[in-house]
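J.: My structure file model-v9.txt, compact mmCIF, C-alpha atoms, is below:
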```txt
# COMPACT_ATOMS: atom_id res chain seq x y z
CA MET A 1 0.00 0.00 0.00
CA SER A 2 1.38 3.38 -0.98
CA ASP A 3 1.66 6.32 1.35
CA THR A 4 -1.13 8.10 -0.47
CA GLU A 5 -3.46 5.15 0.11
CA LYS A 6 -2.87 4.96 3.88
CA PRO A 7 -5.51 6.61 6.05
CA GLN A 8 -4.29 9.80 7.63
CA PRO A 9 -4.61 10.30 11.39
CA ASP A 10 -7.07 13.18 11.08
CA GLU A 11 -9.31 11.43 8.62
CA LYS A 12 -12.50 9.75 9.85
CA PRO A 13 -13.35 6.36 8.40
CA THR A 14 -16.19 6.33 5.96
CA GLY A 15 -18.98 3.85 5.71
CA GLY A 16 -22.71 3.34 5.96
CA SER A 17 -22.64 3.39 9.76
CA THR A 18 -21.17 6.86 10.00
CA ARG A 19 -23.54 9.39 11.65
CA VAL A 20 -23.37 12.96 10.46
CA ASP A 21 -24.67 15.48 13.01
CA ALA A 22 -27.13 17.98 11.64
CA PRO A 23 -26.05 21.59 11.94
CA VAL A 24 -27.52 23.41 14.92
CA ASP A 25 -29.50 26.54 14.15
CA PRO A 26 -27.97 29.33 16.28
CA ALA A 27 -31.37 31.03 16.62
CA GLU A 28 -33.03 27.87 17.97
CA ASP A 29 -30.10 27.24 20.29
CA ALA A 30 -30.31 30.79 21.65
CA ALA A 31 -34.09 30.51 22.12
CA ALA A 32 -33.70 27.25 24.01
CA THR A 33 -30.96 28.74 26.20
CA SER A 34 -33.11 31.80 26.93
CA GLY A 35 -36.08 29.59 27.84
CA ASP A 36 -33.93 27.50 30.17
CA ARG A 37 -32.63 30.62 31.90
CA SER A 38 -36.16 31.98 32.32
CA ARG A 39 -37.35 28.72 33.85
CA SER A 40 -34.31 28.62 36.12
CA LEU A 41 -34.99 32.16 37.36
CA LEU A 42 -38.68 31.37 37.85
CA ARG A 43 -37.83 28.27 39.89
CA GLU A 44 -35.38 30.25 42.03
CA ILE A 45 -37.95 32.94 42.81
CA ALA A 46 -40.93 30.64 43.27
CA SER A 47 -39.30 27.84 45.25
CA GLY A 48 -36.74 29.60 47.45
CA ASP A 49 -36.44 28.97 51.15
CA ALA A 50 -39.22 30.13 53.47
CA LEU A 51 -36.83 32.23 55.57
CA ALA A 52 -36.11 34.49 52.62
CA GLY A 53 -39.85 35.08 52.21
CA VAL A 54 -40.29 35.99 55.87
CA LEU A 55 -37.33 38.35 55.70
CA ALA A 56 -38.71 39.92 52.53
CA VAL A 57 -41.91 40.77 54.41
CA PHE A 58 -39.86 42.14 57.30
CA LEU A 59 -37.81 44.36 54.97
CA ALA A 60 -40.94 45.62 53.24
CA VAL A 61 -42.57 46.49 56.58
CA PHE A 62 -39.37 48.22 57.69
CA VAL A 63 -39.21 50.35 54.55
CA GLY A 64 -42.92 51.05 54.96
CA SER A 65 -42.20 52.27 58.50
CA VAL A 66 -39.60 54.66 57.15
CA MET A 67 -42.15 56.00 54.67
CA ILE A 68 -44.76 56.41 57.42
CA ALA A 69 -42.28 58.40 59.47
CA ALA A 70 -41.18 60.49 56.49
CA THR A 71 -44.74 61.50 55.64
CA ASP A 72 -45.86 62.24 59.21
CA GLU A 73 -46.10 65.97 59.93
CA THR A 74 -45.20 65.68 63.61
CA VAL A 75 -42.09 63.65 62.84
CA ARG A 76 -40.95 66.18 60.26
CA GLU A 77 -41.60 69.05 62.67
CA THR A 78 -39.66 67.49 65.57
CA ALA A 79 -36.83 66.52 63.22
CA SER A 80 -36.05 70.22 62.73
CA TYR A 81 -34.82 70.47 66.35
CA VAL A 82 -33.79 66.85 66.96
CA THR A 83 -30.37 67.86 68.29
CA ALA A 84 -31.93 70.12 70.92
CA ARG A 85 -34.68 67.81 72.10
CA PRO A 86 -34.20 64.32 70.63
CA SER A 87 -36.88 62.84 72.91
CA ASP A 88 -39.59 64.74 71.02
CA PHE A 89 -38.41 63.29 67.72
CA PHE A 90 -38.22 59.69 68.90
CA THR A 91 -41.57 59.95 70.66
CA ALA A 92 -43.20 61.27 67.49
CA LEU A 93 -41.44 58.58 65.48
CA TRP A 94 -42.74 55.83 67.74
CA ASP A 95 -46.26 57.26 67.81
CA ALA A 96 -46.43 57.46 64.01
CA ILE A 97 -45.18 53.93 63.32
CA SER A 98 -46.89 52.16 66.22
CA GLY A 99 -50.12 54.04 65.58
CA ALA A 100 -50.15 52.98 61.93
CA TYR A 101 -49.51 49.30 62.54
CA SER A 102 -51.78 49.12 65.58
CA ALA A 103 -54.54 50.58 63.40
CA MET A 104 -53.82 47.90 60.84
CA PHE A 105 -54.06 45.26 63.58
CA ARG A 106 -57.40 46.67 64.77
CA GLY A 107 -58.73 46.62 61.23
CA ALA A 108 -57.42 43.19 60.29
CA VAL A 109 -57.38 40.98 63.40
CA PHE A 110 -58.91 42.28 66.63
CA ASN A 111 -60.38 45.66 67.52
CA TYR A 112 -59.54 46.05 71.19
CA ASN A 113 -61.19 49.50 71.31
CA LEU A 114 -64.63 47.90 71.19
CA THR A 115 -66.42 45.97 73.92
CA GLU A 116 -68.83 43.64 72.11
CA PRO A 117 -67.05 40.35 71.23
CA ALA A 118 -68.74 40.03 67.85
CA GLN A 119 -67.55 43.47 66.81
CA GLN A 120 -64.11 42.91 68.27
CA TRP A 121 -63.53 39.86 66.07
CA ARG A 122 -65.28 41.25 63.01
CA PRO A 123 -61.96 42.50 61.52
CA LEU A 124 -60.64 38.93 61.40
CA THR A 125 -63.66 37.84 59.37
CA GLU A 126 -63.01 40.76 57.00
CA THR A 127 -59.44 39.54 56.57
CA MET A 128 -60.69 36.05 55.70
CA LYS A 129 -63.24 37.51 53.28
CA PHE A 130 -60.49 39.36 51.41
CA ALA A 131 -58.18 36.35 51.65
CA GLY A 132 -60.57 33.93 49.92
CA PRO A 133 -60.14 35.11 46.31
CA LEU A 134 -56.46 35.88 46.92
CA VAL A 135 -55.83 32.29 47.99
CA LEU A 136 -57.76 30.91 45.03
CA GLY A 137 -55.93 33.19 42.62
CA GLY A 138 -52.60 32.39 44.24
CA LEU A 139 -53.27 28.67 43.79
CA GLY A 140 -53.94 29.22 40.09
CA VAL A 141 -50.74 31.19 39.60
CA GLY A 142 -48.69 28.91 41.87
CA LEU A 143 -49.81 25.73 40.10
CA ALA A 144 -48.65 27.20 36.79
CA PHE A 145 -45.35 28.17 38.45
CA ARG A 146 -44.82 24.55 39.48
CA ALA A 147 -45.06 23.57 35.81
CA GLY A 148 -42.60 26.29 34.79
CA LEU A 149 -45.31 28.59 33.41
CA PHE A 150 -45.80 32.25 34.30
CA ASN A 151 -49.57 32.74 34.33
CA ILE A 152 -50.22 36.46 34.55
CA GLY A 153 -53.61 36.16 32.86
CA GLY A 154 -55.47 35.99 36.15
CA ARG A 155 -57.46 39.12 35.44
CA GLY A 156 -58.81 37.80 32.16
CA GLN A 157 -59.64 34.41 33.62
CA MET A 158 -61.47 36.08 36.52
CA LEU A 159 -63.42 38.39 34.22
CA VAL A 160 -64.56 35.61 31.90
CA ALA A 161 -65.47 33.29 34.77
CA GLY A 162 -67.22 36.05 36.73
CA GLY A 163 -69.22 37.08 33.68
CA ALA A 164 -70.30 33.51 32.94
CA ALA A 165 -71.21 32.74 36.55
CA GLY A 166 -73.01 36.08 36.86
CA TRP A 167 -75.14 35.37 33.79
CA VAL A 168 -76.27 32.08 35.30
CA GLY A 169 -76.74 33.82 38.64
CA PHE A 170 -79.30 36.38 37.49
CA GLN A 171 -80.75 34.79 34.36
CA LEU A 172 -81.99 31.40 35.59
CA ASP A 173 -84.71 30.54 38.11
CA LEU A 174 -83.65 27.36 39.87
CA PRO A 175 -83.60 25.93 43.39
CA THR A 176 -80.54 26.88 45.44
CA ALA A 177 -79.27 23.28 45.46
CA ILE A 178 -79.04 23.42 41.65
CA HIS A 179 -78.61 27.11 40.90
CA LEU A 180 -75.50 27.83 43.01
CA PRO A 181 -73.50 24.71 41.98
CA LEU A 182 -74.44 25.30 38.33
CA ALA A 183 -73.24 28.92 38.44
CA ILE A 184 -69.97 27.82 40.04
CA LEU A 185 -69.39 25.04 37.51
CA VAL A 186 -70.16 27.29 34.53
CA GLY A 187 -67.78 29.94 35.86
CA MET A 188 -65.01 27.40 36.45
CA ALA A 189 -65.49 26.00 32.95
CA ALA A 190 -65.19 29.49 31.46
CA GLY A 191 -62.01 30.18 33.44
CA ALA A 192 -60.57 26.80 32.43
CA LEU A 193 -61.33 27.52 28.78
CA TRP A 194 -59.64 30.92 28.95
CA GLY A 195 -56.56 29.53 30.67
CA GLY A 196 -56.50 26.54 28.33
CA ILE A 197 -56.13 28.81 25.31
CA ALA A 198 -52.74 29.98 26.60
CA GLY A 199 -51.72 26.43 27.48
CA LEU A 200 -52.70 25.07 24.07
CA LEU A 201 -50.84 27.82 22.23
CA LYS A 202 -47.78 27.15 24.39
CA ALA A 203 -47.99 23.41 23.66
CA ARG A 204 -48.67 23.60 19.93
CA THR A 205 -46.77 26.68 18.78
CA GLY A 206 -44.32 27.44 21.59
CA ALA A 207 -45.92 30.88 22.11
CA HIS A 208 -44.69 32.43 25.34
CA GLU A 209 -47.40 32.24 27.97
CA VAL A 210 -46.58 35.69 29.37
CA ILE A 211 -47.36 37.43 26.08
CA VAL A 212 -50.41 35.28 25.40
CA THR A 213 -51.95 35.78 28.85
CA ILE A 214 -51.35 39.54 28.72
CA MET A 215 -53.18 39.75 25.41
CA LEU A 216 -55.97 37.51 26.70
CA ASN A 217 -56.46 39.91 29.62
CA TYR A 218 -57.33 42.67 27.17
CA VAL A 219 -59.51 40.38 25.07
CA ALA A 220 -61.44 39.28 28.17
CA TYR A 221 -61.90 42.87 29.32
CA TYR A 222 -63.40 44.03 26.03
CA LEU A 223 -65.50 40.89 25.67
CA LEU A 224 -67.01 41.57 29.08
CA PHE A 225 -67.48 45.24 28.16
CA TYR A 226 -69.34 44.18 25.02
CA ALA A 227 -71.53 41.81 27.03
CA LEU A 228 -72.31 44.55 29.56
CA ILE A 229 -73.67 46.90 26.87
CA LYS A 230 -75.94 44.27 25.30
CA GLU A 231 -79.23 43.57 27.06
CA TRP A 232 -79.43 40.08 25.59
CA LEU A 233 -76.18 39.22 27.37
CA LEU A 234 -75.39 40.94 30.69
CA LYS A 235 -76.70 44.51 30.61
CA THR A 236 -79.54 45.49 32.94
CA PRO A 237 -82.57 46.37 30.77
CA GLY A 238 -83.17 50.12 30.66
CA SER A 239 -79.93 50.99 32.45
CA VAL A 240 -77.27 53.29 31.01
CA ASN A 241 -74.50 51.80 33.15
CA PRO A 242 -72.47 48.78 31.98
CA LYS A 243 -73.62 46.51 34.78
CA SER A 244 -75.68 43.37 35.03
CA PRO A 245 -78.76 42.82 37.20
CA PRO A 246 -78.09 41.64 40.79
CA MET A 247 -77.65 37.98 41.53
CA LYS A 248 -80.70 36.02 42.57
CA GLN A 249 -80.62 34.83 46.14
CA SER A 250 -80.56 31.20 45.06
CA ALA A 251 -77.16 31.76 43.42
CA VAL A 252 -75.50 33.74 46.23
CA LEU A 253 -72.81 32.15 48.39
CA PRO A 254 -74.34 31.87 51.89
CA ASP A 255 -72.86 33.57 54.94
CA VAL A 256 -70.74 31.35 57.15
CA LEU A 257 -71.16 33.11 60.50
CA GLY A 258 -74.51 34.81 60.05
CA GLU A 259 -75.67 38.12 58.64
CA GLN A 260 -73.70 40.23 61.14
CA PHE A 261 -70.47 39.24 59.35
CA ASN A 262 -69.55 39.55 55.67
CA LEU A 263 -67.67 36.25 55.60
CA HIS A 264 -69.29 33.91 53.09
CA LEU A 265 -68.75 30.40 51.77
CA GLY A 266 -66.03 31.58 49.41
CA PHE A 267 -63.37 31.31 52.11
CA VAL A 268 -64.42 27.73 52.84
CA ILE A 269 -64.15 26.95 49.12
CA ALA A 270 -60.63 28.42 49.19
CA LEU A 271 -59.67 26.11 52.08
CA VAL A 272 -61.03 23.10 50.20
CA ALA A 273 -59.11 24.18 47.09
CA VAL A 274 -55.88 24.38 49.12
CA ALA A 275 -56.37 20.80 50.34
CA VAL A 276 -57.21 19.51 46.86
CA VAL A 277 -54.26 21.23 45.17
CA TRP A 278 -51.91 19.99 47.89
CA TRP A 279 -53.10 16.42 47.36
CA VAL A 280 -52.87 16.71 43.57
CA LEU A 281 -49.33 18.07 43.66
CA ASN A 282 -47.96 15.71 46.29
CA ARG A 283 -50.00 12.52 46.02
CA SER A 284 -51.13 12.12 42.41
CA THR A 285 -49.41 11.06 39.19
CA PHE A 286 -50.59 14.27 37.55
CA GLY A 287 -48.84 16.28 40.25
CA TYR A 288 -45.67 14.28 39.63
CA ARG A 289 -45.86 15.14 35.93
CA VAL A 290 -46.42 18.81 36.75
CA ARG A 291 -43.38 18.93 39.04
CA ALA A 292 -41.25 16.98 36.56
CA VAL A 293 -42.11 19.32 33.69
CA GLY A 294 -41.48 22.34 35.89
CA GLU A 295 -38.06 21.10 36.94
CA ASN A 296 -36.84 20.07 33.50
CA PRO A 297 -39.21 19.75 30.52
CA HIS A 298 -36.50 18.13 28.38
CA ALA A 299 -35.89 15.35 30.89
CA ALA A 300 -39.64 14.96 31.42
CA ARG A 301 -40.17 14.55 27.68
CA ALA A 302 -37.35 12.01 27.49
CA SER A 303 -38.97 9.99 30.29
CA GLY A 304 -42.22 9.72 28.33
CA ILE A 305 -44.25 12.62 29.77
CA ASN A 306 -46.33 14.52 27.25
CA VAL A 307 -45.09 18.03 28.04
CA GLY A 308 -47.50 19.80 25.70
CA ARG A 309 -50.53 18.07 27.17
CA THR A 310 -49.29 18.85 30.67
CA TYR A 311 -48.97 22.54 29.80
CA THR A 312 -52.52 22.61 28.46
CA VAL A 313 -54.09 20.77 31.40
CA VAL A 314 -52.15 22.82 33.97
CA MET A 315 -53.31 26.09 32.44
CA MET A 316 -56.89 24.82 32.35
CA VAL A 317 -56.77 23.90 36.03
CA ALA A 318 -55.07 27.22 36.85
CA GLY A 319 -57.76 29.06 34.90
CA SER A 320 -60.51 27.25 36.80
CA LEU A 321 -58.91 28.21 40.14
CA LEU A 322 -58.64 31.84 39.12
CA GLY A 323 -62.17 31.51 37.80
CA LEU A 324 -63.22 30.50 41.30
CA ALA A 325 -61.71 33.77 42.51
CA GLY A 326 -63.92 35.67 40.05
CA ILE A 327 -66.94 33.60 41.09
CA ASN A 328 -66.12 34.43 44.73
CA GLN A 329 -66.40 38.11 43.86
CA VAL A 330 -69.60 37.94 41.82
CA LEU A 331 -71.59 35.44 43.86
CA GLY A 332 -70.21 36.32 47.29
CA THR A 333 -68.53 39.66 47.91
CA VAL A 334 -70.32 41.93 45.41
CA THR A 335 -73.67 40.40 44.47
CA SER A 336 -75.19 43.62 43.14
CA GLY A 337 -74.19 42.73 39.59
CA VAL A 338 -71.31 41.98 37.25
CA SER A 339 -69.14 44.99 36.38
CA LEU A 340 -65.81 45.61 34.68
CA ASP A 341 -63.98 46.00 37.98
CA LEU A 342 -65.10 42.67 39.44
CA ASP A 343 -61.49 41.42 39.57
CA ALA A 344 -60.49 44.23 42.00
CA ALA A 345 -56.81 43.77 41.00
CA ILE A 346 -56.88 40.29 42.53
CA GLY A 347 -55.53 38.77 39.32
CA PHE A 348 -52.25 40.63 39.77
CA ASP A 349 -52.16 40.41 43.57
CA ALA A 350 -52.37 36.64 43.14
CA ILE A 351 -48.91 36.70 41.56
CA THR A 352 -47.48 38.23 44.72
CA VAL A 353 -49.36 35.74 46.88
CA ALA A 354 -47.99 32.82 44.86
CA LEU A 355 -44.45 34.18 45.03
CA LEU A 356 -44.61 34.81 48.76
CA GLY A 357 -46.13 31.36 49.29
CA ARG A 358 -43.31 29.80 47.24
CA SER A 359 -45.93 28.13 45.02
CA ARG A 360 -46.81 25.72 47.84
CA PRO A 361 -50.54 25.43 48.74
CA LEU A 362 -50.04 25.94 52.48
CA GLY A 363 -47.64 28.81 51.86
CA ILE A 364 -50.15 30.39 49.48
CA LEU A 365 -52.83 30.07 52.17
CA ALA A 366 -50.63 31.91 54.68
CA ALA A 367 -49.65 34.56 52.12
CA GLY A 368 -53.28 35.07 51.10
CA ILE A 369 -54.33 35.63 54.70
CA LEU A 370 -51.46 38.10 55.16
CA PHE A 371 -52.47 40.09 52.10
CA GLY A 372 -56.10 39.88 53.17
CA ALA A 373 -55.00 41.47 56.45
CA PHE A 374 -53.21 44.19 54.50
CA LYS A 375 -56.40 44.97 52.59
CA ALA A 376 -58.68 44.89 55.63
CA GLY A 377 -56.30 46.84 57.86
CA GLY A 378 -55.38 49.41 55.22
CA PHE A 379 -58.79 51.06 55.44
CA THR A 380 -58.50 51.46 59.22
CA MET A 381 -55.03 52.97 58.80
CA GLN A 382 -56.50 55.54 56.45
CA THR A 383 -59.50 56.48 58.58
CA SER A 384 -57.92 56.50 62.05
CA GLU A 385 -54.34 57.59 61.32
CA ASN A 386 -54.86 59.56 58.10
CA ILE A 387 -52.34 57.37 56.28
CA SER A 388 -52.90 56.78 52.58
CA VAL A 389 -54.17 53.32 51.77
CA ASP A 390 -51.70 53.37 48.87
CA LEU A 391 -48.97 52.77 51.43
CA VAL A 392 -50.25 49.19 51.74
CA LEU A 393 -49.77 48.83 47.97
CA VAL A 394 -46.21 50.12 48.38
CA VAL A 395 -45.50 47.50 51.04
CA GLN A 396 -46.90 44.77 48.78
CA SER A 397 -44.76 46.01 45.90
CA LEU A 398 -41.68 46.01 48.10
CA ILE A 399 -42.40 42.41 49.07
CA VAL A 400 -42.38 41.51 45.37
CA LEU A 401 -39.13 43.43 44.89
CA PHE A 402 -37.35 41.60 47.69
CA LEU A 403 -38.81 38.24 46.68
CA ALA A 404 -37.51 38.74 43.15
CA ALA A 405 -34.01 39.36 44.48
CA PRO A 406 -33.19 36.52 46.91
CA PRO A 407 -29.43 37.24 46.77
CA LEU A 408 -30.16 40.79 47.99
CA VAL A 409 -32.12 39.50 51.00
CA ARG A 410 -29.38 37.01 51.84
CA ALA A 411 -26.70 39.68 51.49
CA ILE A 412 -28.54 42.10 53.80
CA PHE A 413 -28.98 39.48 56.53
CA ARG A 414 -25.69 37.66 55.75
CA LEU A 415 -27.44 34.40 55.07
CA PRO A 416 -25.57 31.52 53.38
CA ALA A 417 -26.29 30.92 49.72
CA GLN A 418 -29.04 28.45 48.99
CA GLU A 419 -27.70 25.05 48.00
CA ALA A 420 -28.63 23.67 44.63
CA LYS A 421 -31.36 21.06 44.78
```
Go ahead and render the structure in this file as structure tokens.
T.:
Amino acid sequence: MSDTEKPQPDEKPTGGSTRVDAPVDPAEDAAATSGDRSRSLLREIASGDALAGVLAVFLAVFVGSVMIAATDETVRETASYVTARPSDFFTALWDAISGAYSAMFRGAVFNYNLTEPAQQWRPLTETMKFAGPLVLGGLGVGLAFRAGLFNIGGRGQMLVAGGAAGWVGFQLDLPTAIHLPLAILVGMAAGALWGGIAGLLKARTGAHEVIVTIMLNYVAYYLLFYALIKEWLLKTPGSVNPKSPPMKQSAVLPDVLGEQFNLHLGFVIALVAVAVVWWVLNRSTFGYRVRAVGENPHAARASGINVGRTYTVVMMVAGSLLGLAGINQVLGTVTSGVSLDLDAAIGFDAITVALLGRSRPLGILAAGILFGAFKAGGFTMQTSENISVDLVLVVQSLIVLFLAAPPLVRAIFRLPAQEAK
């Protein structure tokens, strides 16, 4: 054999068994890398340690205290001569901060200024009333988080579900045993359909769920607006306002503790939903698939899990949970009729609740009650201490800020870095 016929060291042998790798499209590779990074960041925010969440709330309350002090007239006045009489400044500082948070406590938990026990504990029932839809919405957002999906379409899912349940609530004449369950089921089905659209588009086309759910929020809003100006749909006959007729009594969620309290069956439904979602996530095969897809969709697909179907089903279930939040509003809290503001910003507050609860059902329950206390106590802060209720919104926003930056929280409190799971 001549030298020219000998195989060279750098040459690869040829033959039918040789596999030629297909060229990788740089655009597809970059998109996959970006998606992996987004899922990694979402998992870090949504499943971090509980201590970081508690410290995030503490930091937000601390910054809120600084803002209370900075906006208090007495504190600003005494600050002008703090070097001469520091006791005046610190007394005013303490009065401003303690007065604000004690007012929140009186409005959210227990009003110790009253003497009648029923009225003393009424604030706690108000907290639970506000917490009901927040917990339900948080479960819908948190369940999507566990599958690696960012469901920010809560407002649209609530509007569609609330509109559908409201139509059944005022249009039909049925016994309570049939009317109320039917209205709830129709509303949940509408919410599931609206959430399933985003899941199906994600599964079939790869469309990003954030963009899709944002657009669906606007579509739902204008669909409900159209329905509220048509008498054959939701509009009250003869009325000039875009509002439906009030719900019939047979479709209203009953009061839990009697007419003297505003707490209705919606909070009980939220507790049942927490138990069901916990069982589904931790004890069912579907929950295993959800967690597997959320951790690593590529590995889940390789193990035989239908990732696209999981995305669709998860978004349908999430939509039904957020639909329950809308039903809670229409059939429980505000039964005077369906309107465009029925969501009361709960769809977006649910994102914060899910983040603070670390996408765990029991954590979401605790976070929902906390935010319900913020809502109930914020009104008392405004009336008794003349503090803007927007300050509560600032505290909630700060909680989101600190939750979205776990390294910042750990750096402030000198906590060790979280170990990789």
J.: Just want the 12 Å neighbourhood of Ser339 (chain A), counted on only C-alpha atoms, with same-chain residues fewer than 3 positions away dropped. Output as a PyMOL selection string.
T.: chain A and resi 158-160+162-163+166-167+221-222+224-229+234-236+241-246+326+329-330+334-336+342-344
J.: Between A:Asn328, A:Gln249, A:Asn262, A:Ser320, which is the closest to Leu139 (chain A) once you count only C-alpha atoms?
T.: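 For Leu139 (chain A), the nearest of the candidates is A:Ser320.
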J.: Measuring atom to atom with all atoms listed in the file, identify which of A:Ile178, A:Arg85, A:Gly332, A:Ile351 is nearest to His264 (chain A).
T.: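 Of A:Ile178, A:Arg85, A:Gly332, A:Ile351, the one nearest His264 (chain A) is A:Gly332, counting all atoms listed in the file.
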J.: Expressed in Å to a single decimal, how great is the separation between CA of Ile214 (chain A) and CA of Leu398 (chain A)?
T.: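 So the answer is 22.6 Å.
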J.: Measure the distance from CA of Gly187 (chain A) to CA of Leu322 (chain A) in Å and round it to one decimal.
T.: 9.9 Å
J.: If you measure from CA of Ile412 (chain A) to CA of Trp94 (chain A), what distance in Å do you get, rounded to one decimal?
T.: 24.2 Å
J.: Neighbours of Leu415 (chain A) within 12 Å (only C-alpha atoms; same-chain residues fewer than 4 positions away dropped), as an MDAnalysis selection string?
T.: chainID A and resid 49 51:52 55 406:411 419
J.: Could those residues be written to a file, using C-alpha atoms, as a CSV table (one decimal), keeping the file's coordinate frame?
T.:
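Final file, out30.csv:
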```
chain,number,residue,atom,x,y,z
A,49,ASP,CA,-36.4,29.0,51.2
A,51,LEU,CA,-36.8,32.2,55.6
A,52,ALA,CA,-36.1,34.5,52.6
A,55,LEU,CA,-37.3,38.4,55.7
A,406,PRO,CA,-33.2,36.5,46.9
A,407,PRO,CA,-29.4,37.2,46.8
A,408,LEU,CA,-30.2,40.8,48.0
A,409,VAL,CA,-32.1,39.5,51.0
A,410,ARG,CA,-29.4,37.0,51.8
A,411,ALA,CA,-26.7,39.7,51.5
A,419,GLU,CA,-27.7,25.0,48.0
```
J.: Which residues, written as a PyMOL selection string, have at least one atom at most 7 Å from Val75 (chain A), with all atoms listed in the file counted and residues fewer than 5 positions away on the same chain left out?
T.: chain A and resi 69+89+92-93
